[in-house]
Amino acid sequence: MKISKIALKNKSLLVNKCLINGKWVGSKKTFKVHNPSTGDLIAEIPDLGKKETSAAIDAAEKAFYLWSKVPAIERSKILKNWHKLVVENADDIAKILTTEQGKPLSDAKGEMNYAISFIEWFAEEAKRIYGDIMPDPIKNKRLMALKQPVGVCAAITPWNFPAAMITRKCAPGFAAGCTFVIKPAEQTPLTAIALVKLAEDAGFPKGVINIVTSLEPEEIGAEITSNIKIRKISFTGSTEVGRILMKQSAPTLKKLSLELGGCAPFIVFEDANLDHAVQGLMLGKFRNGGQACVSPNRIYVQEKIYNTFVKKFVIEVKKLVVGDGMAAKSTMGPLIDERAILKVQDHIKDAVKKGATVETGGKPHKLGGNFFEPTVLSNVTKKMKCASEETFGPLAPFIKFKTEQEVIAYANSTDFGLASYFFSKDIARIWRVAEAIESGMVGVNTGLYANSGAHLPFGGVKQSGFGREGSRYGIDDYLEIKALSFGNIE
Ligand code: NAP
């Protein structure tokens, strides 16, 4: 199969090699990357294994002793160079992203802005890694808390936000003085490699940033988790793989940040501004075809406004234009692969069998391939799979509720706790519900907090993981606290 070209201004961004210890490495063993819209082959990428991962870890360890001692202001300057280069090349990287991931180009550009915000934010934060001086109970002693980088880190990232998940991890890590081995998702390695290429151009010293691509994630994961030189793993992906990484990391006691799956409730109370709530739900639900960890998964609408709300929402859903992400008119791209299609179909089939009504959509799109119709189901109940499992696709299931108490119980009746949303104009209710919902993030009268840039502490509770990325807290996961105790100062 011929490799289909991506029209880029900066052709050097399209690299089919991995950076290990400052060298671009290829391999006789490769795997293919396809465009999920067209099925076209877009690249053949090195299929690396334990040996190369171990070499990358060695390089990152060697680099750590130098990089961690580079003054924060210098680290900040290199991060700013990276920021400048990524901004200059953002449109090209967005094209690569759309071609390998499928989301509409405008969404890919939005993701690039989000990704860029982390580099900018943490270039600044590098200079603000303050410690503390504590009063000591003993007269001639003084106590200090010093913050130091954790060490060599591994970043394992998913395909749904292939740019932002790299910068959300690496930018705070670099700012803190850590070095990295990155393992991107097999469907979307090209975006990650382009970002690494620009990091190299920005002046990160050899070994500070390494990337390993592979079709054997278990092999790479086993090396990363068992290698004592890796001090921290930051993982974004499924809860299932998060558990594996945690289990495998136990013998070497690594620090972990796990940004895992969700099952976000979206609640509309009868006192809400309905048009505003419809817009919020459209943004949250169909961005990336519902393939987002914060995507509203179960929609609870109070009984008095249920029918009106569903009707208003269906009108908007019918305006979505499904198509190739590179086509200007497309507002929803394909799903990532056939497995994703099968999961959405399974959830719809299960719901309809148990009494749900298809308001719109419900089947694979006439475009074929990985395209699926944006779907709305009404009369959904808690017994249906779509009300308790992450669908990760363009399915909006509507459940009716009566009281605030009842809907809070529904919202919390899941093992997940990443994102949640609710719409209400009652200030007392807003406080009550925001505090009662068990999730790391609550959107109040908004369906799109995750795009707000690096300012937000992003992360979950319960089986959605732990650790926070972004905001002033985002750097903490890459720092250790060292206590200094000074005696005999008199
Ligand atoms: P996934 O299967 O867990 O894969 C994520 C990454 O882990 C990929 O790079 C994958 O490699 C790698 N991986 C798979 N098995 C591994 C193993 N045994 N050891 C080491 N690495 C391994 O998740 P996904 O299907 O790509 O992504 C969807 C999930 O991510 C959803 O549940 C979604 O909610 C979650 N997500 C969470 C957040 C958040 O911030 N909380 C953000 C985005 C997505 P391969 O690509 O080679 O399989």
# chains A, B, ... in the order shown; residues from 1 in each chain; ligands from 1

call {"tool": "residues_near_ligand", "arguments": {"ligand": "ligand 1", "cutoff": "6 Å", "atoms": "only C-alpha atoms and all ligand atoms", "output": "JSON, numbers by chain"}}
result
{"A": [156, 157, 158, 159, 183, 184, 185, 186, 215, 217, 218, 221, 236, 237, 238, 241, 259, 260, 261, 262, 292, 293]}

call {"tool": "write_last_selection", "arguments": {"atoms": "N, CA and C atoms", "output": "mmCIF file, in the first residue's frame"}}
result
data_model
loop_
_atom_site.group_PDB
_atom_site.id
_atom_site.type_symbol
_atom_site.label_atom_id
_atom_site.label_comp_id
_atom_site.auth_asym_id
_atom_site.auth_seq_id
_atom_site.Cartn_x
_atom_site.Cartn_y
_atom_site.Cartn_z
ATOM 1 N N ILE A 156 2.919 7.583 29.430
ATOM 2 C CA ILE A 156 2.204 6.649 28.533
ATOM 3 C C ILE A 156 0.875 7.308 28.192
ATOM 4 N N THR A 157 0.645 7.515 26.886
ATOM 5 C CA THR A 157 -0.480 8.383 26.507
ATOM 6 C C THR A 157 -1.469 7.697 25.553
ATOM 7 N N PRO A 158 -2.718 8.178 25.542
ATOM 8 C CA PRO A 158 -3.759 7.564 24.696
ATOM 9 C C PRO A 158 -3.877 8.271 23.334
ATOM 10 N N TRP A 159 -4.725 7.747 22.493
ATOM 11 C CA TRP A 159 -4.888 8.256 21.123
ATOM 12 C C TRP A 159 -5.884 9.397 21.013
ATOM 13 N N LYS A 183 5.855 6.917 25.692
ATOM 14 C CA LYS A 183 5.299 5.822 24.883
ATOM 15 C C LYS A 183 3.906 6.289 24.431
ATOM 16 N N PRO A 184 3.800 6.761 23.167
ATOM 17 C CA PRO A 184 2.483 7.225 22.699
ATOM 18 C C PRO A 184 1.602 6.056 22.261
ATOM 19 N N ALA A 185 0.339 6.339 22.024
ATOM 20 C CA ALA A 185 -0.582 5.292 21.557
ATOM 21 C C ALA A 185 -0.203 4.858 20.145
ATOM 22 N N GLU A 186 -0.446 3.601 19.844
ATOM 23 C CA GLU A 186 -0.015 3.072 18.537
ATOM 24 C C GLU A 186 -0.789 3.676 17.363
ATOM 25 N N LEU A 215 4.169 -1.704 18.880
ATOM 26 C CA LEU A 215 2.887 -2.423 18.771
ATOM 27 C C LEU A 215 2.715 -3.367 19.941
ATOM 28 N N PRO A 217 2.556 -2.888 23.573
ATOM 29 C CA PRO A 217 2.537 -2.028 24.764
ATOM 30 C C PRO A 217 2.863 -2.790 26.046
ATOM 31 N N GLU A 218 2.508 -4.093 26.073
ATOM 32 C CA GLU A 218 2.767 -4.884 27.291
ATOM 33 C C GLU A 218 4.269 -4.992 27.542
ATOM 34 N N GLY A 221 5.507 -1.604 28.621
ATOM 35 C CA GLY A 221 4.985 -1.367 29.973
ATOM 36 C C GLY A 221 5.732 -2.188 31.016
ATOM 37 N N THR A 236 -2.171 8.170 31.049
ATOM 38 C CA THR A 236 -3.556 8.513 30.722
ATOM 39 C C THR A 236 -4.079 7.418 29.807
ATOM 40 N N GLY A 237 -5.177 6.847 30.209
ATOM 41 C CA GLY A 237 -5.750 5.759 29.421
ATOM 42 C C GLY A 237 -6.843 5.058 30.219
ATOM 43 N N SER A 238 -7.048 3.802 29.925
ATOM 44 C CA SER A 238 -8.158 3.073 30.539
ATOM 45 C C SER A 238 -7.841 2.674 31.984
ATOM 46 N N VAL A 241 -5.849 -0.690 32.157
ATOM 47 C CA VAL A 241 -4.389 -0.629 31.990
ATOM 48 C C VAL A 241 -3.752 0.112 33.181
ATOM 49 N N GLU A 259 -4.507 9.017 35.104
ATOM 50 C CA GLU A 259 -5.681 9.739 34.584
ATOM 51 C C GLU A 259 -6.482 8.725 33.788
ATOM 52 N N LEU A 260 -7.539 8.200 34.395
ATOM 53 C CA LEU A 260 -8.185 7.008 33.818
ATOM 54 C C LEU A 260 -9.574 7.315 33.256
ATOM 55 N N GLY A 261 -10.330 6.284 33.064
ATOM 56 C CA GLY A 261 -11.636 6.416 32.410
ATOM 57 C C GLY A 261 -12.653 7.140 33.273
ATOM 58 N N GLY A 262 -13.749 7.511 32.651
ATOM 59 C CA GLY A 262 -14.819 8.201 33.375
ATOM 60 C C GLY A 262 -16.177 7.641 32.984
ATOM 61 N N ALA A 292 -13.876 11.176 24.563
ATOM 62 C CA ALA A 292 -13.118 11.968 25.538
ATOM 63 C C ALA A 292 -13.451 11.421 26.913
ATOM 64 N N CYS A 293 -12.457 11.397 27.772
ATOM 65 C CA CYS A 293 -12.675 10.837 29.120
ATOM 66 C C CYS A 293 -13.669 11.677 29.912
#

call {"tool": "residues_around", "arguments": {"residues": "range 437-446 of chain A", "least_positions_apart": "3", "cutoff": "7 Å", "atoms": "only C-alpha atoms", "output": "number ranges by chain"}}
result
A: 277, 280, 408, 411-412, 417-424, 433-434, 449, 459-461

call {"tool": "write_last_selection", "arguments": {"atoms": "N, CA and C atoms", "output": "short mmCIF file (atom, residue, chain, number, x, y, z; two decimals), in the first residue's frame"}}
result
data_model
loop_
_atom_site.label_atom_id
_atom_site.label_comp_id
_atom_site.auth_asym_id
_atom_site.auth_seq_id
_atom_site.Cartn_x
_atom_site.Cartn_y
_atom_site.Cartn_z
N ALA A 277 -28.00 24.90 28.47
CA ALA A 277 -27.66 23.50 28.80
C ALA A 277 -27.53 22.66 27.53
N GLY A 280 -24.20 23.45 26.06
CA GLY A 280 -23.16 22.83 26.89
C GLY A 280 -23.04 21.34 26.60
N ILE A 408 -28.46 12.98 42.71
CA ILE A 408 -27.11 12.93 43.30
C ILE A 408 -26.74 11.46 43.54
N ALA A 411 -25.86 10.00 40.21
CA ALA A 411 -24.55 10.49 39.73
C ALA A 411 -23.41 9.76 40.43
N ASN A 412 -23.61 9.50 41.72
CA ASN A 412 -22.52 8.87 42.49
C ASN A 412 -22.55 7.34 42.45
N GLY A 417 -15.10 8.58 38.84
CA GLY A 417 -15.28 9.93 39.39
C GLY A 417 -14.35 10.92 38.74
N LEU A 418 -14.46 11.03 37.42
CA LEU A 418 -13.56 11.98 36.74
C LEU A 418 -14.26 13.33 36.56
N ALA A 419 -15.25 13.36 35.67
CA ALA A 419 -15.92 14.62 35.38
C ALA A 419 -17.41 14.52 35.66
N SER A 420 -18.02 15.68 35.92
CA SER A 420 -19.48 15.72 36.03
C SER A 420 -19.92 17.14 35.66
N TYR A 421 -21.18 17.25 35.34
CA TYR A 421 -21.70 18.55 34.91
C TYR A 421 -23.12 18.70 35.45
N PHE A 422 -23.48 19.93 35.81
CA PHE A 422 -24.91 20.15 36.05
C PHE A 422 -25.27 21.59 35.73
N PHE A 423 -26.55 21.76 35.40
CA PHE A 423 -27.06 23.08 35.03
C PHE A 423 -28.20 23.45 35.97
N SER A 424 -28.07 24.63 36.58
CA SER A 424 -29.10 25.13 37.49
C SER A 424 -28.86 26.62 37.69
N VAL A 433 -25.05 20.66 45.26
CA VAL A 433 -24.77 19.58 44.29
C VAL A 433 -23.26 19.51 43.99
N ALA A 434 -22.63 20.68 43.82
CA ALA A 434 -21.19 20.69 43.50
C ALA A 434 -20.40 19.98 44.60
N TYR A 449 -15.24 22.46 30.46
CA TYR A 449 -14.18 23.08 31.28
C TYR A 449 -12.79 22.62 30.88
N GLY A 459 -8.12 15.93 36.80
CA GLY A 459 -7.88 14.59 37.36
C GLY A 459 -9.12 14.06 38.05
N GLY A 460 -9.05 12.81 38.47
CA GLY A 460 -10.23 12.16 38.99
C GLY A 460 -10.07 11.60 40.39
N VAL A 461 -11.18 11.00 40.86
CA VAL A 461 -11.19 10.28 42.14
C VAL A 461 -11.74 8.87 41.85
#

call {"tool": "residues_around", "arguments": {"residues": "Val268 in chain A", "least_positions_apart": "3", "cutoff": "10 Å", "atoms": "only C-alpha atoms", "output": "JSON, numbers by chain"}}
result
{"A": [265, 271, 272, 273, 274, 277, 278, 281, 299, 300, 301, 302, 303, 305, 306, 309, 400, 401, 407, 421, 422, 423, 424, 445]}

call {"tool": "residues_around", "arguments": {"residues": "Val181 in chain A", "least_positions_apart": "2", "cutoff": "9 Å", "atoms": "only C-alpha atoms", "output": "short mmCIF file (atom, residue, chain, number, x, y, z; two decimals) with N, CA and C atoms, in the first residue's frame"}}
result
data_model
loop_
_atom_site.label_atom_id
_atom_site.label_comp_id
_atom_site.auth_asym_id
_atom_site.auth_seq_id
_atom_site.Cartn_x
_atom_site.Cartn_y
_atom_site.Cartn_z
N ILE A 20 16.07 8.47 20.77
CA ILE A 20 16.63 7.81 21.96
C ILE A 20 18.05 8.34 22.15
N THR A 53 13.64 0.40 24.89
CA THR A 53 13.05 1.11 26.03
C THR A 53 14.08 1.23 27.15
N ALA A 56 16.52 3.85 26.27
CA ALA A 56 15.94 5.19 26.45
C ALA A 56 15.94 5.56 27.94
N ILE A 57 15.66 4.57 28.78
CA ILE A 57 15.64 4.84 30.23
C ILE A 57 17.06 5.16 30.72
N ALA A 60 17.81 8.65 29.69
CA ALA A 60 17.07 9.62 30.50
C ALA A 60 17.69 9.73 31.90
N VAL A 152 13.68 10.19 36.69
CA VAL A 152 13.29 9.78 35.33
C VAL A 152 11.80 9.40 35.33
N CYS A 153 11.06 9.96 34.39
CA CYS A 153 9.62 9.70 34.32
C CYS A 153 9.27 9.00 33.00
N ALA A 154 8.20 8.25 33.04
CA ALA A 154 7.64 7.68 31.81
C ALA A 154 6.26 8.29 31.60
N ALA A 155 5.98 8.66 30.35
CA ALA A 155 4.65 9.17 30.00
C ALA A 155 4.02 8.18 29.03
N ILE A 156 2.92 7.58 29.43
CA ILE A 156 2.20 6.65 28.53
C ILE A 156 0.87 7.31 28.19
N THR A 179 13.40 14.04 33.53
CA THR A 179 13.61 13.63 32.14
C THR A 179 12.57 12.56 31.80
N LYS A 183 5.86 6.92 25.69
CA LYS A 183 5.30 5.82 24.88
C LYS A 183 3.91 6.29 24.43
N GLY A 207 18.96 13.12 25.60
CA GLY A 207 18.52 12.20 26.64
C GLY A 207 17.41 12.73 27.55
N VAL A 208 17.16 14.04 27.49
CA VAL A 208 16.10 14.60 28.36
C VAL A 208 14.73 14.14 27.88
N ILE A 209 14.58 14.05 26.55
CA ILE A 209 13.30 13.59 26.00
C ILE A 209 13.58 12.42 25.05
N ASN A 210 12.91 11.32 25.30
CA ASN A 210 13.07 10.10 24.48
C ASN A 210 11.68 9.60 24.14
N ILE A 211 11.56 8.99 22.99
CA ILE A 211 10.25 8.44 22.62
C ILE A 211 10.43 7.05 22.03
N VAL A 212 9.55 6.15 22.45
CA VAL A 212 9.61 4.76 22.00
C VAL A 212 8.23 4.39 21.46
N ILE A 224 9.12 -0.51 31.59
CA ILE A 224 8.97 0.77 32.31
C ILE A 224 8.64 0.53 33.79
#

call {"tool": "residues_around", "arguments": {"residues": "Ala192 in chain A", "least_positions_apart": "2", "cutoff": "12 Å", "atoms": "only C-alpha atoms", "output": "PyMOL selection string"}}
result
chain A and resi 13-19+86+93-94+96-97+100-101+112+115+155-159+161-167+170+181-190+194-199+209-213

call {"tool": "closest_residue", "arguments": {"among": "A:Arg142, A:Lys229, A:Lys462, A:Lys51", "to": "Gly487 in chain A", "atoms": "only C-alpha atoms"}}
result
A:Arg142

call {"tool": "select_by_dssp", "arguments": {"residues": "range 423-473 of chain A", "states": "strand (DSSP E)", "output": "number ranges by chain"}}
result
A: 423, 441-444, 461-462, 465-466

call {"tool": "write_last_selection", "arguments": {"atoms": "N, CA and C atoms", "output": "PDB file, in the first residue's frame"}}
result
ATOM      1  N   PHE A 423     -26.554  21.761  35.398  1.00  0.00           N
ATOM      2  CA  PHE A 423     -27.058  23.081  35.027  1.00  0.00           C
ATOM      3  C   PHE A 423     -28.202  23.450  35.967  1.00  0.00           C
ATOM      4  N   MET A 441     -13.724  16.714  38.916  1.00  0.00           N
ATOM      5  CA  MET A 441     -14.048  17.984  38.254  1.00  0.00           C
ATOM      6  C   MET A 441     -15.561  18.102  38.107  1.00  0.00           C
ATOM      7  N   VAL A 442     -16.075  19.276  38.400  1.00  0.00           N
ATOM      8  CA  VAL A 442     -17.513  19.521  38.256  1.00  0.00           C
ATOM      9  C   VAL A 442     -17.713  20.755  37.388  1.00  0.00           C
ATOM     10  N   GLY A 443     -18.421  20.596  36.293  1.00  0.00           N
ATOM     11  CA  GLY A 443     -18.750  21.738  35.437  1.00  0.00           C
ATOM     12  C   GLY A 443     -20.109  22.276  35.852  1.00  0.00           C
ATOM     13  N   VAL A 444     -20.159  23.515  36.312  1.00  0.00           N
ATOM     14  CA  VAL A 444     -21.430  24.115  36.721  1.00  0.00           C
ATOM     15  C   VAL A 444     -21.849  25.094  35.631  1.00  0.00           C
ATOM     16  N   VAL A 461     -11.176  10.999  40.862  1.00  0.00           N
ATOM     17  CA  VAL A 461     -11.192  10.280  42.136  1.00  0.00           C
ATOM     18  C   VAL A 461     -11.742   8.875  41.853  1.00  0.00           C
ATOM     19  N   LYS A 462     -11.831   8.066  42.879  1.00  0.00           N
ATOM     20  CA  LYS A 462     -12.325   6.688  42.760  1.00  0.00           C
ATOM     21  C   LYS A 462     -11.558   5.937  41.655  1.00  0.00           C
ATOM     22  N   GLY A 465      -8.808   7.352  38.942  1.00  0.00           N
ATOM     23  CA  GLY A 465      -7.378   7.567  39.142  1.00  0.00           C
ATOM     24  C   GLY A 465      -7.034   8.615  40.166  1.00  0.00           C
ATOM     25  N   PHE A 466      -5.773   9.056  40.126  1.00  0.00           N
ATOM     26  CA  PHE A 466      -5.286  10.053  41.079  1.00  0.00           C
ATOM     27  C   PHE A 466      -4.138  10.834  40.475  1.00  0.00           C
TER      28      PHE A 466
END

call {"tool": "residues_around", "arguments": {"residues": "Ser27 in chain A", "least_positions_apart": "5", "cutoff": "9 Å", "atoms": "only C-alpha atoms", "output": "ChimeraX atom specification"}}
result
/A:17,45-48

call {"tool": "residues_around", "arguments": {"residues": "Gly177 in chain A", "least_positions_apart": "3", "cutoff": "9 Å", "atoms": "only C-alpha atoms", "output": "list in words"}}
result
Phe64, Trp67, Ser68, Lys69, Val70, Ala72, Arg75, Ala126, Gln148, Pro149, Val150, Gly151, Pro172, Gly173, Phe174, Tyr478 and Leu479 of chain A

call {"tool": "atom_distance", "arguments": {"atom1": "CA of Pro374 in chain A", "atom2": "CA of Val317 in chain A"}}
result
6.8 Å

call {"tool": "select_by_dssp", "arguments": {"residues": "range 301-355 of chain A", "states": "alpha helix (DSSP H)", "output": "number ranges by chain"}}
result
A: 303-317, 338-353

call {"tool": "write_last_selection", "arguments": {"atoms": "N, CA and C atoms", "output": "mmCIF file, in the first residue's frame"}}
result
data_model
loop_
_atom_site.group_PDB
_atom_site.id
_atom_site.type_symbol
_atom_site.label_atom_id
_atom_site.label_comp_id
_atom_site.auth_asym_id
_atom_site.auth_seq_id
_atom_site.Cartn_x
_atom_site.Cartn_y
_atom_site.Cartn_z
ATOM 1 N N GLU A 303 -37.902 15.604 35.416
ATOM 2 C CA GLU A 303 -39.067 15.133 34.641
ATOM 3 C C GLU A 303 -39.888 16.232 33.978
ATOM 4 N N LYS A 304 -40.042 17.392 34.672
ATOM 5 C CA LYS A 304 -40.893 18.460 34.137
ATOM 6 C C LYS A 304 -40.371 19.006 32.792
ATOM 7 N N ILE A 305 -39.065 19.002 32.609
ATOM 8 C CA ILE A 305 -38.492 19.584 31.380
ATOM 9 C C ILE A 305 -37.923 18.513 30.441
ATOM 10 N N TYR A 306 -38.097 17.244 30.812
ATOM 11 C CA TYR A 306 -37.447 16.141 30.079
ATOM 12 C C TYR A 306 -37.785 16.159 28.577
ATOM 13 N N ASN A 307 -39.070 16.160 28.264
ATOM 14 C CA ASN A 307 -39.458 16.064 26.842
ATOM 15 C C ASN A 307 -38.985 17.274 26.046
ATOM 16 N N THR A 308 -39.164 18.462 26.634
ATOM 17 C CA THR A 308 -38.737 19.695 25.952
ATOM 18 C C THR A 308 -37.235 19.657 25.698
ATOM 19 N N PHE A 309 -36.504 19.247 26.720
ATOM 20 C CA PHE A 309 -35.041 19.253 26.593
ATOM 21 C C PHE A 309 -34.575 18.267 25.522
ATOM 22 N N VAL A 310 -35.122 17.061 25.556
ATOM 23 C CA VAL A 310 -34.716 16.045 24.562
ATOM 24 C C VAL A 310 -35.004 16.569 23.153
ATOM 25 N N LYS A 311 -36.181 17.179 22.969
ATOM 26 C CA LYS A 311 -36.551 17.698 21.640
ATOM 27 C C LYS A 311 -35.559 18.752 21.165
ATOM 28 N N LYS A 312 -35.262 19.713 22.059
ATOM 29 C CA LYS A 312 -34.318 20.793 21.710
ATOM 30 C C LYS A 312 -32.954 20.213 21.352
ATOM 31 N N PHE A 313 -32.544 19.207 22.111
ATOM 32 C CA PHE A 313 -31.219 18.622 21.897
ATOM 33 C C PHE A 313 -31.157 17.891 20.560
ATOM 34 N N VAL A 314 -32.221 17.139 20.252
ATOM 35 C CA VAL A 314 -32.239 16.367 18.997
ATOM 36 C C VAL A 314 -32.136 17.318 17.793
ATOM 37 N N ILE A 315 -32.797 18.479 17.879
ATOM 38 C CA ILE A 315 -32.715 19.459 16.772
ATOM 39 C C ILE A 315 -31.248 19.829 16.523
ATOM 40 N N GLU A 316 -30.511 20.054 17.594
ATOM 41 C CA GLU A 316 -29.093 20.445 17.446
ATOM 42 C C GLU A 316 -28.245 19.278 16.929
ATOM 43 N N VAL A 317 -28.532 18.086 17.427
ATOM 44 C CA VAL A 317 -27.741 16.914 17.011
ATOM 45 C C VAL A 317 -27.877 16.689 15.511
ATOM 46 N N GLU A 338 -12.698 0.003 14.523
ATOM 47 C CA GLU A 338 -13.903 -0.836 14.487
ATOM 48 C C GLU A 338 -14.347 -1.229 15.897
ATOM 49 N N ARG A 339 -13.366 -1.419 16.780
ATOM 50 C CA ARG A 339 -13.684 -1.807 18.162
ATOM 51 C C ARG A 339 -14.560 -0.733 18.824
ATOM 52 N N ALA A 340 -14.232 0.524 18.511
ATOM 53 C CA ALA A 340 -14.993 1.644 19.083
ATOM 54 C C ALA A 340 -16.427 1.626 18.560
ATOM 55 N N ILE A 341 -16.579 1.321 17.279
ATOM 56 C CA ILE A 341 -17.920 1.244 16.668
ATOM 57 C C ILE A 341 -18.723 0.130 17.344
ATOM 58 N N LEU A 342 -18.071 -1.008 17.535
ATOM 59 C CA LEU A 342 -18.776 -2.162 18.108
ATOM 60 C C LEU A 342 -19.273 -1.858 19.518
ATOM 61 N N LYS A 343 -18.479 -1.081 20.282
ATOM 62 C CA LYS A 343 -18.894 -0.766 21.657
ATOM 63 C C LYS A 343 -20.137 0.133 21.653
ATOM 64 N N VAL A 344 -20.147 1.139 20.771
ATOM 65 C CA VAL A 344 -21.321 2.024 20.710
ATOM 66 C C VAL A 344 -22.548 1.206 20.286
ATOM 67 N N GLN A 345 -22.365 0.368 19.289
ATOM 68 C CA GLN A 345 -23.488 -0.456 18.808
ATOM 69 C C GLN A 345 -24.014 -1.365 19.914
ATOM 70 N N ASP A 346 -23.089 -1.927 20.676
ATOM 71 C CA ASP A 346 -23.479 -2.824 21.763
ATOM 72 C C ASP A 346 -24.320 -2.073 22.806
ATOM 73 N N HIS A 347 -23.891 -0.844 23.135
ATOM 74 C CA HIS A 347 -24.638 -0.069 24.129
ATOM 75 C C HIS A 347 -26.032 0.299 23.611
ATOM 76 N N ILE A 348 -26.122 0.603 22.319
ATOM 77 C CA ILE A 348 -27.431 0.970 21.753
ATOM 78 C C ILE A 348 -28.349 -0.266 21.737
ATOM 79 N N LYS A 349 -27.786 -1.362 21.283
ATOM 80 C CA LYS A 349 -28.581 -2.605 21.186
ATOM 81 C C LYS A 349 -29.121 -3.013 22.562
ATOM 82 N N ASP A 350 -28.245 -2.953 23.544
ATOM 83 C CA ASP A 350 -28.634 -3.329 24.908
ATOM 84 C C ASP A 350 -29.751 -2.414 25.426
ATOM 85 N N ALA A 351 -29.592 -1.089 25.167
ATOM 86 C CA ALA A 351 -30.583 -0.133 25.671
ATOM 87 C C ALA A 351 -31.931 -0.335 24.985
ATOM 88 N N VAL A 352 -31.903 -0.512 23.666
ATOM 89 C CA VAL A 352 -33.166 -0.657 22.921
ATOM 90 C C VAL A 352 -33.876 -1.940 23.369
ATOM 91 N N LYS A 353 -33.085 -2.992 23.566
ATOM 92 C CA LYS A 353 -33.671 -4.261 24.028
ATOM 93 C C LYS A 353 -34.371 -4.090 25.382
#

call {"tool": "closest_residue", "arguments": {"among": "A:Ser464, A:Ser54, A:Ser257, A:Thr375", "to": "Val358 in chain A", "atoms": "only C-alpha atoms"}}
result
A:Thr375

call {"tool": "closest_residue", "arguments": {"among": "A:Ile73, A:Ile220, A:Ile267, A:Leu456", "to": "Ala55 in chain A", "atoms": "only C-alpha atoms"}}
result
A:Ile220

call {"tool": "atom_distance", "arguments": {"atom1": "CA of Ile116 in chain A", "atom2": "CA of Lys80 in chain A"}}
result
10.4 Å

call {"tool": "closest_residue", "arguments": {"among": "A:Val376, A:Ile42, A:Val87, A:Leu105", "to": "Met332 in chain A", "atoms": "only C-alpha atoms"}}
result
A:Leu105

call {"tool": "decode", "arguments": {"residues": "range 308-312 of chain A", "atoms": "all heavy atoms", "output": "CSV table (one decimal), in the first residue's frame"}}
result
chain,number,residue,atom,x,y,z
A,308,THR,N,-39.2,18.5,26.6
A,308,THR,CA,-38.7,19.7,26.0
A,308,THR,C,-37.2,19.7,25.7
A,308,THR,O,-36.8,20.0,24.6
A,308,THR,CB,-39.0,20.9,26.9
A,308,THR,OG1,-40.3,20.8,27.4
A,308,THR,CG2,-38.9,22.2,26.1
A,309,PHE,N,-36.5,19.2,26.7
A,309,PHE,CA,-35.0,19.3,26.6
A,309,PHE,C,-34.6,18.3,25.5
A,309,PHE,O,-33.7,18.6,24.7
A,309,PHE,CB,-34.4,18.9,27.9
A,309,PHE,CG,-32.9,19.2,27.9
A,309,PHE,CD1,-32.4,20.4,28.1
A,309,PHE,CD2,-32.0,18.1,27.7
A,309,PHE,CE1,-31.0,20.7,28.0
A,309,PHE,CE2,-30.6,18.3,27.6
A,309,PHE,CZ,-30.1,19.6,27.8
A,310,VAL,N,-35.1,17.1,25.6
A,310,VAL,CA,-34.7,16.0,24.6
A,310,VAL,C,-35.0,16.6,23.2
A,310,VAL,O,-34.2,16.5,22.3
A,310,VAL,CB,-35.4,14.7,24.8
A,310,VAL,CG1,-35.1,13.7,23.7
A,310,VAL,CG2,-35.0,14.1,26.2
A,311,LYS,N,-36.2,17.2,23.0
A,311,LYS,CA,-36.6,17.7,21.6
A,311,LYS,C,-35.6,18.8,21.2
A,311,LYS,O,-35.1,18.7,20.0
A,311,LYS,CB,-38.0,18.3,21.7
A,311,LYS,CG,-39.0,17.5,21.1
A,311,LYS,CD,-40.3,18.2,21.0
A,311,LYS,CE,-41.4,17.2,21.3
A,311,LYS,NZ,-42.6,17.8,21.9
A,312,LYS,N,-35.3,19.7,22.1
A,312,LYS,CA,-34.3,20.8,21.7
A,312,LYS,C,-33.0,20.2,21.4
A,312,LYS,O,-32.3,20.7,20.4
A,312,LYS,CB,-34.1,21.7,22.9
A,312,LYS,CG,-35.2,22.8,23.1
A,312,LYS,CD,-34.9,23.6,24.4
A,312,LYS,CE,-36.0,24.7,24.6
A,312,LYS,NZ,-35.7,25.9,23.8
